Amino acid sequence: MSFMVQYKPTTRKKIDKEISILFKELKPAGRSLVSGQNKITLDYLLSDKMLLISLIRHGIPYQLYELIQEITPLNEKDWSDLLDLSTKSLQRYRNAGQAFESFQSEKILEMAEVTLMGLDVFGEMEKFRLWLNTPNYALGNYNPIYLLKDSYGKEMIMGELVRINYGILA
């Protein structure tokens with residue numbers, strides 16, 4: 001499934017550029033990029049689990065988090081809850097230019113993946129945001145946004161988005 005959604009194209013270009021720069025510095029252990037692949041895009045990164053693991057273990061730099069935050073339907077409070085950090089801690093990360101821990105890096109990338117899939121399914125950020133904040137029968141009458149904090153919840157949301165995309169409603 002393709003995650004090519006046209007939302008804030010300038011931000012997506014910035015994300016792709018930031019990821020490419022990061023991987024030039026990172027050079028994942030024992031791994032070369034796909035032949036002819038000079039730059040790594042967000043879509044490519046999300047499709048390659050080994051690259052994801054390398055980035056998660058390295059830690060997402062605040063600058064990349066900030067760009068990813070721009071393409072998601074979450075506000076600062078939502079991110080604070082999702083990353084299990086206070087808003088003051090998020091500000092400290094910003095001021096220090098600090099990279100996030102593995103746990104938080106994984107959540108940031110998971111949210112990017114969910115957002116791109118949600119935009120692919122709903123086509124518009126507002127429709128996707130509404131879906132995230134509306135109780136869903138197929139998800140135990142929870143608001144999908146509530147389930148994003150756990151990887152199992154994220155998988156349930158991704159599964160539901162696939163079902164919606166194929167017209168299989170609960």
# chains A, B, ... in the order shown; residues from 1 in each chain; ligands from 1
$ residues_around --residues "Leu132 of chain A" --least-positions-apart "5" --cutoff "10 Å" --atoms "only C-alpha atoms" --output "PyMOL selection string"
chain A and resi 73-74+118+126-127+142-148+157
$ residues_around --residues "Tyr62 of chain A" --least-positions-apart "2" --cutoff "10 Å" --atoms "only C-alpha atoms" --output "list in words"
Gly59, Ile60, Leu64, Tyr65, Glu66, Leu67, Ile68, Leu90, Gln91, Tyr93, Arg94, Asn95, Ala96, Gly97, Gln98, Ala99, Phe100 and Ser105 of chain A
$ select_by_dssp --residues "segment 100-169 of chain A" --states "helix (DSSP H, G or I)" --output "VMD selection string"
chain A and resid 102 to 122 125 to 132 137 to 139 144 to 147 151 to 165
$ closest_residue --among "A:Val114, A:Ile40, A:Leu139, A:Leu109" --to "Ile56 of chain A" --atoms "only C-alpha atoms"
A:Leu109
$ atom_distance --atom1 "atom CA of Leu83 of chain A" --atom2 "atom CA of Gln104 of chain A"
5.4 Å
$ residues_around --residues "Thr72 of chain A" --least-positions-apart "3" --cutoff "7 Å" --atoms "only C-alpha atoms" --output "ChimeraX atom specification"
/A:68-69,112,115
$ closest_residue --among "A:Ala138, A:Leu82, A:Met50, A:Ile15" --to "Ile164 of chain A" --atoms "only C-alpha atoms"
A:Ala138
$ atom_distance --atom1 "atom CA of Lys49 of chain A" --atom2 "atom CA of Val162 of chain A"
19.4 Å
$ decode --residues "segment 15-156 of chain A" --atoms "C-alpha atoms" --output "mmCIF file, in the first residue's frame"
data_model
loop_
_atom_site.group_PDB
_atom_site.id
_atom_site.type_symbol
_atom_site.label_atom_id
_atom_site.label_comp_id
_atom_site.auth_asym_id
_atom_site.auth_seq_id
_atom_site.Cartn_x
_atom_site.Cartn_y
_atom_site.Cartn_z
ATOM 1 C CA ILE A 15 11.207 15.495 6.241
ATOM 2 C CA ASP A 16 12.691 13.529 3.336
ATOM 3 C CA LYS A 17 15.735 15.802 3.258
ATOM 4 C CA GLU A 18 16.237 15.534 7.039
ATOM 5 C CA ILE A 19 15.967 11.716 6.909
ATOM 6 C CA SER A 20 18.491 11.519 4.048
ATOM 7 C CA ILE A 21 20.970 13.712 5.923
ATOM 8 C CA LEU A 22 20.471 11.692 9.096
ATOM 9 C CA PHE A 23 21.158 8.388 7.319
ATOM 10 C CA LYS A 24 24.276 9.743 5.653
ATOM 11 C CA GLU A 25 25.573 10.435 9.164
ATOM 12 C CA LEU A 26 24.164 7.216 10.627
ATOM 13 C CA LYS A 27 25.344 4.665 8.047
ATOM 14 C CA PRO A 28 23.419 1.736 9.537
ATOM 15 C CA ALA A 29 25.751 -0.996 10.763
ATOM 16 C CA GLY A 30 26.819 -3.339 7.988
ATOM 17 C CA ARG A 31 24.181 -1.964 5.677
ATOM 18 C CA SER A 32 24.393 -0.111 2.420
ATOM 19 C CA LEU A 33 21.451 1.696 0.922
ATOM 20 C CA VAL A 34 19.625 0.156 -1.991
ATOM 21 C CA SER A 35 21.693 0.464 -5.147
ATOM 22 C CA GLY A 36 21.145 3.893 -6.654
ATOM 23 C CA GLN A 37 19.223 5.103 -3.596
ATOM 24 C CA ASN A 38 20.959 8.389 -2.709
ATOM 25 C CA LYS A 39 18.286 9.657 -0.427
ATOM 26 C CA ILE A 40 15.851 8.009 1.893
ATOM 27 C CA THR A 41 12.298 9.319 1.925
ATOM 28 C CA LEU A 42 9.775 8.886 4.732
ATOM 29 C CA ASP A 43 7.849 6.390 2.605
ATOM 30 C CA TYR A 44 11.003 4.374 1.923
ATOM 31 C CA LEU A 45 11.984 4.481 5.593
ATOM 32 C CA LEU A 46 8.555 3.230 6.706
ATOM 33 C CA SER A 47 8.766 0.337 4.238
ATOM 34 C CA ASP A 48 12.194 -0.843 5.453
ATOM 35 C CA LYS A 49 12.006 -2.289 8.972
ATOM 36 C CA MET A 50 15.781 -2.571 9.352
ATOM 37 C CA LEU A 51 16.255 1.126 8.613
ATOM 38 C CA LEU A 52 13.441 1.901 11.061
ATOM 39 C CA ILE A 53 15.184 -0.102 13.761
ATOM 40 C CA SER A 54 18.465 1.723 13.086
ATOM 41 C CA LEU A 55 16.780 5.110 13.400
ATOM 42 C CA ILE A 56 14.819 4.126 16.511
ATOM 43 C CA ARG A 57 17.979 2.928 18.245
ATOM 44 C CA HIS A 58 19.851 6.064 17.195
ATOM 45 C CA GLY A 59 17.012 8.323 18.368
ATOM 46 C CA ILE A 60 14.898 10.788 16.429
ATOM 47 C CA PRO A 61 16.467 14.259 16.553
ATOM 48 C CA TYR A 62 14.117 16.990 17.761
ATOM 49 C CA GLN A 63 14.279 18.729 14.376
ATOM 50 C CA LEU A 64 12.874 15.641 12.604
ATOM 51 C CA TYR A 65 10.206 15.197 15.300
ATOM 52 C CA GLU A 66 9.129 18.798 14.781
ATOM 53 C CA LEU A 67 8.677 18.219 11.042
ATOM 54 C CA ILE A 68 6.759 14.978 11.598
ATOM 55 C CA GLN A 69 4.585 16.769 14.156
ATOM 56 C CA GLU A 70 3.541 19.230 11.421
ATOM 57 C CA ILE A 71 2.004 16.491 9.249
ATOM 58 C CA THR A 72 0.092 14.742 12.046
ATOM 59 C CA PRO A 73 -3.326 15.592 13.490
ATOM 60 C CA LEU A 74 -1.915 15.766 17.028
ATOM 61 C CA ASN A 75 -1.458 18.873 19.125
ATOM 62 C CA GLU A 76 1.270 19.401 21.738
ATOM 63 C CA LYS A 77 -0.850 17.859 24.526
ATOM 64 C CA ASP A 78 -1.556 14.755 22.407
ATOM 65 C CA TRP A 79 2.166 14.372 21.687
ATOM 66 C CA SER A 80 2.983 14.861 25.344
ATOM 67 C CA ASP A 81 0.589 12.024 26.285
ATOM 68 C CA LEU A 82 1.766 9.782 23.455
ATOM 69 C CA LEU A 83 5.464 10.214 24.312
ATOM 70 C CA ASP A 84 4.842 10.080 28.061
ATOM 71 C CA LEU A 85 6.612 13.425 28.517
ATOM 72 C CA SER A 86 5.421 16.684 30.019
ATOM 73 C CA THR A 87 5.116 19.665 27.699
ATOM 74 C CA LYS A 88 7.996 21.222 29.665
ATOM 75 C CA SER A 89 10.165 18.191 28.867
ATOM 76 C CA LEU A 90 9.291 18.556 25.183
ATOM 77 C CA GLN A 91 10.387 22.192 25.393
ATOM 78 C CA ARG A 92 13.667 21.080 27.008
ATOM 79 C CA TYR A 93 14.238 18.626 24.145
ATOM 80 C CA ARG A 94 13.655 21.493 21.709
ATOM 81 C CA ASN A 95 15.962 23.913 23.503
ATOM 82 C CA ALA A 96 18.748 21.338 23.830
ATOM 83 C CA GLY A 97 18.275 19.954 20.305
ATOM 84 C CA GLN A 98 18.219 16.588 22.034
ATOM 85 C CA ALA A 99 17.422 13.259 20.346
ATOM 86 C CA PHE A 100 14.549 11.224 21.765
ATOM 87 C CA GLU A 101 14.973 7.898 23.535
ATOM 88 C CA SER A 102 14.231 4.689 21.605
ATOM 89 C CA PHE A 103 10.734 4.323 23.080
ATOM 90 C CA GLN A 104 9.768 7.850 22.076
ATOM 91 C CA SER A 105 11.456 7.576 18.677
ATOM 92 C CA GLU A 106 9.403 4.487 17.939
ATOM 93 C CA LYS A 107 6.180 6.298 18.891
ATOM 94 C CA ILE A 108 7.064 9.251 16.662
ATOM 95 C CA LEU A 109 7.622 6.959 13.670
ATOM 96 C CA GLU A 110 4.482 4.954 14.449
ATOM 97 C CA MET A 111 2.449 8.153 14.481
ATOM 98 C CA ALA A 112 3.943 9.205 11.144
ATOM 99 C CA GLU A 113 2.939 5.811 9.724
ATOM 100 C CA VAL A 114 -0.604 5.986 11.139
ATOM 101 C CA THR A 115 -1.009 9.556 9.875
ATOM 102 C CA LEU A 116 0.083 8.736 6.344
ATOM 103 C CA MET A 117 -2.242 5.741 6.253
ATOM 104 C CA GLY A 118 -5.112 7.779 7.732
ATOM 105 C CA LEU A 119 -4.613 10.489 5.117
ATOM 106 C CA ASP A 120 -4.494 7.835 2.413
ATOM 107 C CA VAL A 121 -7.838 6.453 3.634
ATOM 108 C CA PHE A 122 -9.671 9.691 4.470
ATOM 109 C CA GLY A 123 -7.990 12.069 2.035
ATOM 110 C CA GLU A 124 -8.187 15.050 4.394
ATOM 111 C CA MET A 125 -6.618 15.813 7.751
ATOM 112 C CA GLU A 126 -9.892 17.050 9.280
ATOM 113 C CA LYS A 127 -11.748 13.840 8.375
ATOM 114 C CA PHE A 128 -8.900 11.769 9.782
ATOM 115 C CA ARG A 129 -8.763 13.897 12.974
ATOM 116 C CA LEU A 130 -12.534 13.475 13.404
ATOM 117 C CA TRP A 131 -12.211 9.690 13.009
ATOM 118 C CA LEU A 132 -9.379 9.580 15.578
ATOM 119 C CA ASN A 133 -11.505 11.443 18.126
ATOM 120 C CA THR A 134 -14.792 9.564 17.622
ATOM 121 C CA PRO A 135 -15.663 6.364 19.524
ATOM 122 C CA ASN A 136 -15.320 3.387 17.192
ATOM 123 C CA TYR A 137 -17.407 0.256 17.621
ATOM 124 C CA ALA A 138 -14.771 -1.964 15.956
ATOM 125 C CA LEU A 139 -12.198 -0.676 18.474
ATOM 126 C CA GLY A 140 -14.250 -1.442 21.582
ATOM 127 C CA ASN A 141 -15.991 1.967 21.480
ATOM 128 C CA TYR A 142 -12.707 3.683 22.254
ATOM 129 C CA ASN A 143 -11.585 6.767 20.421
ATOM 130 C CA PRO A 144 -8.788 5.541 18.137
ATOM 131 C CA ILE A 145 -6.476 8.281 19.442
ATOM 132 C CA TYR A 146 -6.702 6.671 22.890
ATOM 133 C CA LEU A 147 -5.246 3.430 21.525
ATOM 134 C CA LEU A 148 -2.199 5.048 19.891
ATOM 135 C CA LYS A 149 -0.161 4.992 23.093
ATOM 136 C CA ASP A 150 0.429 1.232 22.806
ATOM 137 C CA SER A 151 1.931 -0.653 19.881
ATOM 138 C CA TYR A 152 -0.925 -3.180 20.009
ATOM 139 C CA GLY A 153 -3.402 -0.312 19.830
ATOM 140 C CA LYS A 154 -1.510 1.157 16.886
ATOM 141 C CA GLU A 155 -1.741 -2.200 15.094
ATOM 142 C CA MET A 156 -5.497 -2.308 15.770
#
